[in-house]
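A.B. asks: Sharing a structure here in structure tokens format.
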Amino acid sequence: MAILFRFGNGNGDVAAVFNYQPNGDMMAVRLDSLENNMKLYQWVQGQPSVLKLAENVPTAMARWHDLSVTVSNGGTHVQGSLDGFQFIDADLATPVSGQVGAWAKTDTVVLFDSFVVDLSGE
């Protein structure tokens with residue numbers, strides 16, 4: 001999955017959501033421009049937990065960014081990248097399935113240009 005986006009205000013949070021379930025459980029690779037980090041989150045019964053943290057992720061303002069999430073190995077391996085540079089690499093205990101989407105924090109203004117899901121695994 002790849003999301004092309006640009007922050008429309010000073011700083012903000014944007015995420016690629018995946019493994020979204022009808023009960024609200026989900027996972028996300030979230031980019032925080034204020035803290036310059038990327039996190040792999042999992043929400044279970046409304047409670048978020050950070051599975052992986054990458055610090056010093058460059059999030060320049062006033063330019064387009066490509067946030068990508070790759071799920072492989074039968075749904076048990078997740079990689080998160082920004083602008084072609086990988087920051088998250090994690091193995092999961094159970095395979096992911098479910099819906100996907102884009103997310104932005106309530107006080108974030110973000111422009112989305114494209115949202116692409118490639119099911120071929122390439």
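To be explicit about the labels: the chains of the structure tokens are called A, B, and onward in the order shown, and within each one the residues are counted from 1, while ligands get numbers from 1 in the order they are shown.
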When you look at range 78-84 of chain A with a cut-off of 7 Å (counting only C-alpha atoms), what residues show up, excluding the ones that are within fewer than 4 positions of it in the same chain? I need them as a list of chain:residue names.
C.D. replies: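 That gives A:Val29, A:His65, A:Asp66, A:Leu67, A:Ser68, A:Val69, A:Thr70, A:Val71, A:Ser72, A:Ile88, A:Asp89, A:Ala90, A:Asp91.
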A.B. asks: Determine, counting only C-alpha atoms, which protein, DNA and RNA residues have an atom within 9 Å of an atom of Ala54 in chain A; residues of the same chain fewer than 4 positions away are not included. Present the result as a list in words.
C.D. replies: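 Counting only C-alpha atoms, the residues come to Asn36, Asn37, Met38, Lys39, Leu40, Phe87 and Ile88 of chain A.
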A.B. asks: Could you tell me which of A:Ala93, A:Val14, A:Ala104, A:Ala28 comes closest to Thr59 in chain A if we count only C-alpha atoms?
C.D. replies: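 Once distances to Thr59 in chain A are computed over only C-alpha atoms, the minimum belongs to A:Val14.
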A.B. asks: Expressed in Å to a single decimal, how great is the separation between CA of Tyr20 in chain A and CA of Gly98 in chain A?
C.D. replies: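 Taking CA of Tyr20 in chain A and CA of Gly98 in chain A, their separation equals 5.0 Å.
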A.B. asks: Using only C-alpha atoms, pick whichever of A:Val96, A:Leu111, A:Val116, A:Ala102 has the shortest atom-to-atom distance to Asn9 in chain A.
C.D. replies: A:Leu111
A.B. asks: I'd like the interatomic distance between CA of Asn11 in chain A and CA of Lys52 in chain A, to a tenth of an Å.
C.D. replies: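 Those two atoms sit 21.5 Å apart.
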A.B. asks: What is the distance between CA of Arg6 in chain A and CA of Ala62 in chain A, in Å to one decimal?
C.D. replies: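 Value for the CA of Arg6 in chain A-CA of Ala62 in chain A distance: 6.9 Å.
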